[in-house]
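Before any comments, here is the structure.
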Amino acid sequence: MDDTLFAASLETVCRERLGGTGPMTGLQRLSGGASMQSWRFVWSDEALILRRMPEGLSGDEAAIESASLSLDGQADVIERAGSYGVMVPAVRARLRPDDGLGEGFVMTCAAGEALPQVLLRDPAYTDALAGLPQQWAEQLAAMHDIPLDRLPAELPYRSPAEMVAELEERWRTLRGVSPVYALAFGWLERAMPEPVTPRLCHGDFRMGNLLITPDGLSAVLDWELAHLGDPVQDLAFGCIPSWRFGRYDKVLGGFAEPEEMLVQYEALTGTVVDPARFRFWLVYSCLWWGVCCLVMADIWRRSEREGPERLVIGRRVSEVEVDLLLMLADDLPAPDAPMPWPPMEHPNETGVPSGAALIDAVSGWLDNAIVGQSSGHARFEAKVAVNALGMAARDASSGPMFDRLQQQRLAAIGTTREMLVADLRRDPATMTAAIHDHLRRLAIENCLIDQPRYAGLAAARAAWS
C-alpha cells in the first residue's frame with residue numbers, strides 16, 4: 001500500500017471510530033519493528049499510536065514465541081490490565097478487515113521516552129530512575145494480582161518444563177551449534193522449579209518497553225508476549241544482560257540492582273521470591289533471547305530478505321554465550337589459568353585490496369555520508385547497515401584465525417564441536433576445566449567479531465583475564 005492510500009485509509013478509520021473531522025497530521029513511522037509497525041500521528045489534536053501488522057505479513061513475535069498474542073488479543077489484555085491499575089495507554093479503536101490496513105489497533109500516545117540509551121544517560125531522568133524500582137514492582141504486582149477469571153481466554157499457559165522443551169526444540173530446528181547453549185539447556189533441565197499457580201505475565205517487561213517521563217513511569221507497552229505463567233519470570237526478565245543497554249554492572253535494566261525492586265514486590269504481594277527460582281528464570285530468559293536471535297535470522301532467510309536488521313540480530317547469539325558463561329561460572333570447574341585475551345588480526349593492505357578492506361571502506365562511507373544525512377527510520381536502517389558491514393569486515397579478517405584456534409583446542413581436548421554439544425547437553429560431568437577454558441575463548445572470539453563493543457566483554461575480561 002502506498003503512503004497516500006495508507007494515510008487516507010487511516011483517516012477514514014479515525015473519522016468513523018473516533019469522531020471529529022480531523023485533520024490528521026504528523027503521520028510518522030517509529031524506528032524499529034521489522035514486521036510489526038508503530039505509527040505516531042495526531043487526530044483532532046489528540047496524539048495517537050497505531051500498532052499495525054500489514055496484510056499478508058506475520059509478526060516476528062509469532063515466529064519468536066509460538067504463544068504470542070494476536071493484535072486483537074493484545075488489545076484485550078491492555079484493556080483488562082488497565083482496569084486493574086496497570087499503567088497502559090487506552091485502546092481507542094481497532095482495525096477491521098474491511099479497513100484494508102491489516103490487523104491492529106489505535107491507542108493513546110502516552111507521554112514519555114522509551115529509548116534506554118536516552119533514559120540511562122540523560123540527567124533529566126535521574127530522579128525518575130531512582131524511583132523506578134518501586135514503580136517496576138508496583139506494576140508487576142498489580143498485573144500478577146488480576147484474577148484469572150477476569151483475563152481473556154486467548155492467553156496461553158505452558159509449564160516451565162514445556163517452555164524449556166519447546167525452546168530447545170526451536171534451537172535444534174534452527175540448527176543451533178553452540179556448546180554454550182547446550183550447556184545451558186542441561187542446566188535448566190536440572191534446575192527446573194515446580195510449577196506455581198499461573199498469573200498474568202507481561203512476558204517482555206524491560207527497559208525499552210516502558211515509557212518514562214522525568215517524573216517517573218507513565219506506561220507499560222508491547223504486550224504481544226503476554227501469557228499465563230510464573231510471575232518470577234516477569235521479575236527476572238528485565239534483568240538479563242541484553243536489557244542493561246551497556247550498563248552491565250546494573251543488573252536491573254542498567255539502572256539498579258534487582259534487590260531494590262524485589263524487596264518492594266515482596267512487600268506489596270506478601271510473597272518471598274525464591275533466589276533459585278529467580279536464577280532459573282534469569283538463565284532461561286537469557287537463553288530465550290539467544291534463540292530469538294537465531295529465529296530472526298531464519299525469518300530473513302524465509303522472507304523477502306529486505307534489509308540486514310534481522311541478520312544483524314542473528315549475530316547477537318555470541319553476546320548470549322558470554323552472558324551465560326558469566327551466569328553459570330559458579331557451577332563450572334574453574335580453568336587452571338587466566339585466559340589470555342584473543343588478538344584481532346589486522347593484515348597489512350598491499351597490492352589488490354582485500355575483501356575486508358572493501359567492506360571497511362563502504363562501511364566508513366555509509367557511516368559518514370548517509371547516516372549523518374538521514375533521520376527517523378531511514379537513519380536507524382542506515383546504522384544497522386553499518387553494523388552489518390563491520391561484522392562482515394571483522395569476520396573476513398579475523399574469522400579464519402579464530403576458526404584455526406578453535407579446531408586446535410578441540411583436537412587437544414580430543415573432541416569435535418558436534419560431540420561437545422551432545423556431551424554437554426547430556427552429562428554435566430563432561431565439563432572439565434579445559435572445556436570451560438575452550439568455551440570462554442570461543443564465546444569471546446565470536447563476540448569480538450560480532451559485537452566488539454558489547455559491555456559483557458569488559459565484564460568477561462575482568463573476570464577471566
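Here's how to read the names in the C-alpha cells: chain A, B, ... by the order shown, residue numbers from 1 in each chain, ligand numbers from 1 in the order shown.
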Quiz prompt | Who sits within 9 Å of range 106-120 of chain A, only C-alpha atoms, same chain under 2 positions skipped, as an MDAnalysis selection string | solution = chainID A and resid 14 40:41 46:52 88:95 104 122:126 129 207:214 216:219 243:247 253:255
Next on the checklist: When you look at Tyr157 in chain A with a cut-off of 7 Å (counting only C-alpha atoms), what residues show up, excluding the ones that are within fewer than 5 positions of it in the same chain? I need them as a PyMOL selection string.
Outcome noted: chain A and resi 227-229
Computed gap from CA of Leu410 in chain A to CA of Pro343 in chain A is 19.1 Å
Point to revise | Those of range 57-296 of chain A in DSSP strand (DSSP E or B), formatted as a list in words | key: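 Those in range 57-296 of chain A that DSSP calls strand (DSSP E or B) are Val91, Arg92, Ala93, Arg94, Glu103, Gly104, Phe105, Val106, Met107, Thr108, Glu113, Tyr157, Arg199, Leu200, Cys201, Leu210, Leu211, Ile212, Thr213, Gly216, Leu217, Ser218, Ala219, Val220, His227, Leu228, Gly229, Leu252 and Ala256 of chain A.
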Let me see the file: selected residues, C-alpha atoms, as a PDB file, in the first residue's frame.
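Contents of the output file out-v4.pdb:
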ATOM      1  CA  VAL A  91      -7.167   1.480  23.334  1.00  0.00           C
ATOM      2  CA  ARG A  92      -9.144   3.943  21.196  1.00  0.00           C
ATOM      3  CA  ALA A  93     -10.087   1.889  18.127  1.00  0.00           C
ATOM      4  CA  ARG A  94      -9.481  -1.481  16.479  1.00  0.00           C
ATOM      5  CA  GLU A 103      -4.594  -6.193  11.841  1.00  0.00           C
ATOM      6  CA  GLY A 104      -4.085  -3.669  14.613  1.00  0.00           C
ATOM      7  CA  PHE A 105      -5.429  -1.042  16.956  1.00  0.00           C
ATOM      8  CA  VAL A 106      -5.132   2.642  17.745  1.00  0.00           C
ATOM      9  CA  MET A 107      -4.164   3.721  21.266  1.00  0.00           C
ATOM     10  CA  THR A 108      -3.403   6.954  23.029  1.00  0.00           C
ATOM     11  CA  GLU A 113      10.688   8.356  26.497  1.00  0.00           C
ATOM     12  CA  TYR A 157      -0.179 -21.290  29.528  1.00  0.00           C
ATOM     13  CA  ARG A 199      -0.721 -15.434  36.867  1.00  0.00           C
ATOM     14  CA  LEU A 200      -0.837 -12.867  34.075  1.00  0.00           C
ATOM     15  CA  CYS A 201       2.748 -12.298  32.896  1.00  0.00           C
ATOM     16  CA  LEU A 210       8.391   1.228  29.380  1.00  0.00           C
ATOM     17  CA  LEU A 211       7.577   4.887  28.799  1.00  0.00           C
ATOM     18  CA  ILE A 212       9.229   7.163  31.347  1.00  0.00           C
ATOM     19  CA  THR A 213       8.992  10.909  31.958  1.00  0.00           C
ATOM     20  CA  GLY A 216       8.578   8.566  36.539  1.00  0.00           C
ATOM     21  CA  LEU A 217       6.897   5.661  34.749  1.00  0.00           C
ATOM     22  CA  SER A 218       3.980   6.648  32.516  1.00  0.00           C
ATOM     23  CA  ALA A 219       3.052   3.477  30.572  1.00  0.00           C
ATOM     24  CA  VAL A 220       3.789  -0.215  30.042  1.00  0.00           C
ATOM     25  CA  HIS A 227       0.710 -15.172  28.830  1.00  0.00           C
ATOM     26  CA  LEU A 228      -0.220 -17.088  31.950  1.00  0.00           C
ATOM     27  CA  GLY A 229       2.806 -18.302  33.856  1.00  0.00           C
ATOM     28  CA  LEU A 252      18.006  -4.344  36.793  1.00  0.00           C
ATOM     29  CA  ALA A 256      19.567  -0.506  39.685  1.00  0.00           C
TER      30      ALA A 256
END
My list of candidates is A:Arg96, A:Arg426, A:Arg453, A:Arg170. Which is closest to Arg190 in chain A when distances are computed with only C-alpha atoms?
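Answer, going by the shortest atom-to-atom distance: A:Arg426.
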Would you mind reading off the distance between CA of Asp274 in chain A and CA of Met261 in chain A, one decimal, in Å?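 According to the coordinates, CA of Asp274 in chain A and CA of Met261 in chain A are separated by 14.1 Å.
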TODO: Taking the DSSP assignment computed from this structure's backbone, write out as a VMD selection string all residues of range 201-339 of chain A that belong to helix (DSSP H, G or I).
DONE: chain A and resid 231 to 237 241 to 243 258 to 269 275 to 302 309 to 314 317 to 331
**Report entry** Atom-to-atom span, CA of Gly100 in chain A and CA of Thr4 in chain A, Å
**Finding:**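 Separation between CA of Gly100 in chain A and CA of Thr4 in chain A: 13.2 Å.
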Can you tell me, as a PyMOL selection string, what residues are no more than 7 Å from Trp223 in chain A when counting only C-alpha atoms, ignoring any on the same chain fewer than 2 positions away? chain A and resi 74+202+221+225-226
Go ahead and write the selection's residues with N, CA and C atoms as a CSV table (one decimal), in the first residue's frame.
chain,number,residue,atom,x,y,z
A,74,GLN,N,-3.9,-8.7,22.1
A,74,GLN,CA,-3.1,-7.7,22.9
A,74,GLN,C,-4.0,-6.5,23.4
A,202,HIS,N,3.5,-10.3,31.7
A,202,HIS,CA,3.7,-9.5,30.6
A,202,HIS,C,4.6,-10.2,29.5
A,221,LEU,N,4.3,-0.8,27.7
A,221,LEU,CA,4.0,-1.1,26.3
A,221,LEU,C,4.2,-2.5,25.9
A,225,LEU,N,3.7,-10.7,24.0
A,225,LEU,CA,4.2,-11.9,24.6
A,225,LEU,C,3.5,-12.2,26.0
A,226,ALA,N,2.4,-11.5,26.3
A,226,ALA,CA,1.6,-11.7,27.5
A,226,ALA,C,1.1,-13.2,27.5
Problem - Residues near range 396-398 of chain A, cut-off 10 Å, only C-alpha atoms, skip fewer than 3 positions along chain, as a list of chain:residue names - result: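 Residues near the query, excluding close chain neighbours: A:Pro343, A:Met344, A:Glu345, A:His346, A:Pro347, A:Ser354, A:Gly355, A:Ala356, A:Ala357, A:Ile359, A:Gly390, A:Met391, A:Ala392, A:Ala393, A:Met401, A:Phe402, A:Asp403, A:Glu445, A:Asn446, A:Leu448, A:Ile449.
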I want to know what sits within 12 Å of Ala337 in chain A, based on only C-alpha atoms, with residues of the same chain fewer than 4 positions away left out; could you give that as a ChimeraX atom specification? /A:333,433-434,436-438,463-465
Output N, CA and C atoms for every residue in the selection just made, as an mmCIF file, in the first residue's frame.
data_model
loop_
_atom_site.group_PDB
_atom_site.id
_atom_site.type_symbol
_atom_site.label_atom_id
_atom_site.label_comp_id
_atom_site.auth_asym_id
_atom_site.auth_seq_id
_atom_site.Cartn_x
_atom_site.Cartn_y
_atom_site.Cartn_z
ATOM 1 N N PRO A 333 33.698 -26.059 36.687
ATOM 2 C CA PRO A 333 35.077 -26.177 37.184
ATOM 3 C C PRO A 333 35.933 -25.036 36.659
ATOM 4 N N ALA A 433 37.837 -28.431 33.380
ATOM 5 C CA ALA A 433 38.480 -27.130 33.362
ATOM 6 C C ALA A 433 38.944 -26.764 31.958
ATOM 7 N N ALA A 434 39.431 -27.736 31.209
ATOM 8 C CA ALA A 434 39.913 -27.475 29.849
ATOM 9 C C ALA A 434 38.760 -27.098 28.923
ATOM 10 N N HIS A 436 35.882 -25.778 29.894
ATOM 11 C CA HIS A 436 35.433 -24.453 30.313
ATOM 12 C C HIS A 436 36.328 -23.375 29.698
ATOM 13 N N ASP A 437 37.629 -23.618 29.701
ATOM 14 C CA ASP A 437 38.565 -22.662 29.104
ATOM 15 C C ASP A 437 38.264 -22.499 27.615
ATOM 16 N N HIS A 438 38.009 -23.608 26.924
ATOM 17 C CA HIS A 438 37.682 -23.528 25.493
ATOM 18 C C HIS A 438 36.398 -22.735 25.268
ATOM 19 N N ALA A 463 36.767 -10.731 34.663
ATOM 20 C CA ALA A 463 36.575 -11.970 35.405
ATOM 21 C C ALA A 463 37.528 -13.079 34.958
ATOM 22 N N TRP A 464 37.897 -13.097 33.694
ATOM 23 C CA TRP A 464 38.608 -14.243 33.147
ATOM 24 C C TRP A 464 40.089 -13.972 32.861
ATOM 25 N N SER A 465 40.478 -12.741 32.716
ATOM 26 C CA SER A 465 41.865 -12.471 32.343
ATOM 27 C C SER A 465 42.735 -12.080 33.535
#
query = Of the candidates A:Ser285, A:Gln264, A:Thr416, A:Gln135, which one gets nearest to Met327 in chain A if we count only C-alpha atoms?
reply =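 That would be A:Ser285, the residue with the smallest distance to Met327 in chain A.
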Checklist entry - Closest to Gly307 in chain A among A:Cys292, A:Glu194, A:Arg279, A:Phe380, using only C-alpha atoms? => result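 Counting only C-alpha atoms, the residue closest to Gly307 in chain A is A:Phe380.
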What's around Ser44 in chain A at 9 Å? Count only C-alpha atoms, leave out sequence neighbours fewer than 2 positions away in its own chain, and write the answer as a count of residues only.
10
Using only C-alpha atoms, the residue out of A:Asp98, A:Asp234, A:Asp72, A:Asp427 with shortest distance to Leu140 in chain A is A:Asp234
inquiry  = Taking only C-alpha atoms into account, name the residue in A:Ala460, A:Ala141, A:Leu282, A:Leu389 that is nearest to Val322 in chain A.
reply    =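 Closest to Val322 in chain A, using only C-alpha atoms: A:Ala460.
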Among the residues A:Ile435, A:Val312, A:Leu235, A:Cys286, the one that comes closest to Asp336 in chain A [using only C-alpha atoms]:
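Comparing A:Ile435, A:Val312, A:Leu235, A:Cys286 against Asp336 in chain A, the winner is A:Ile435.
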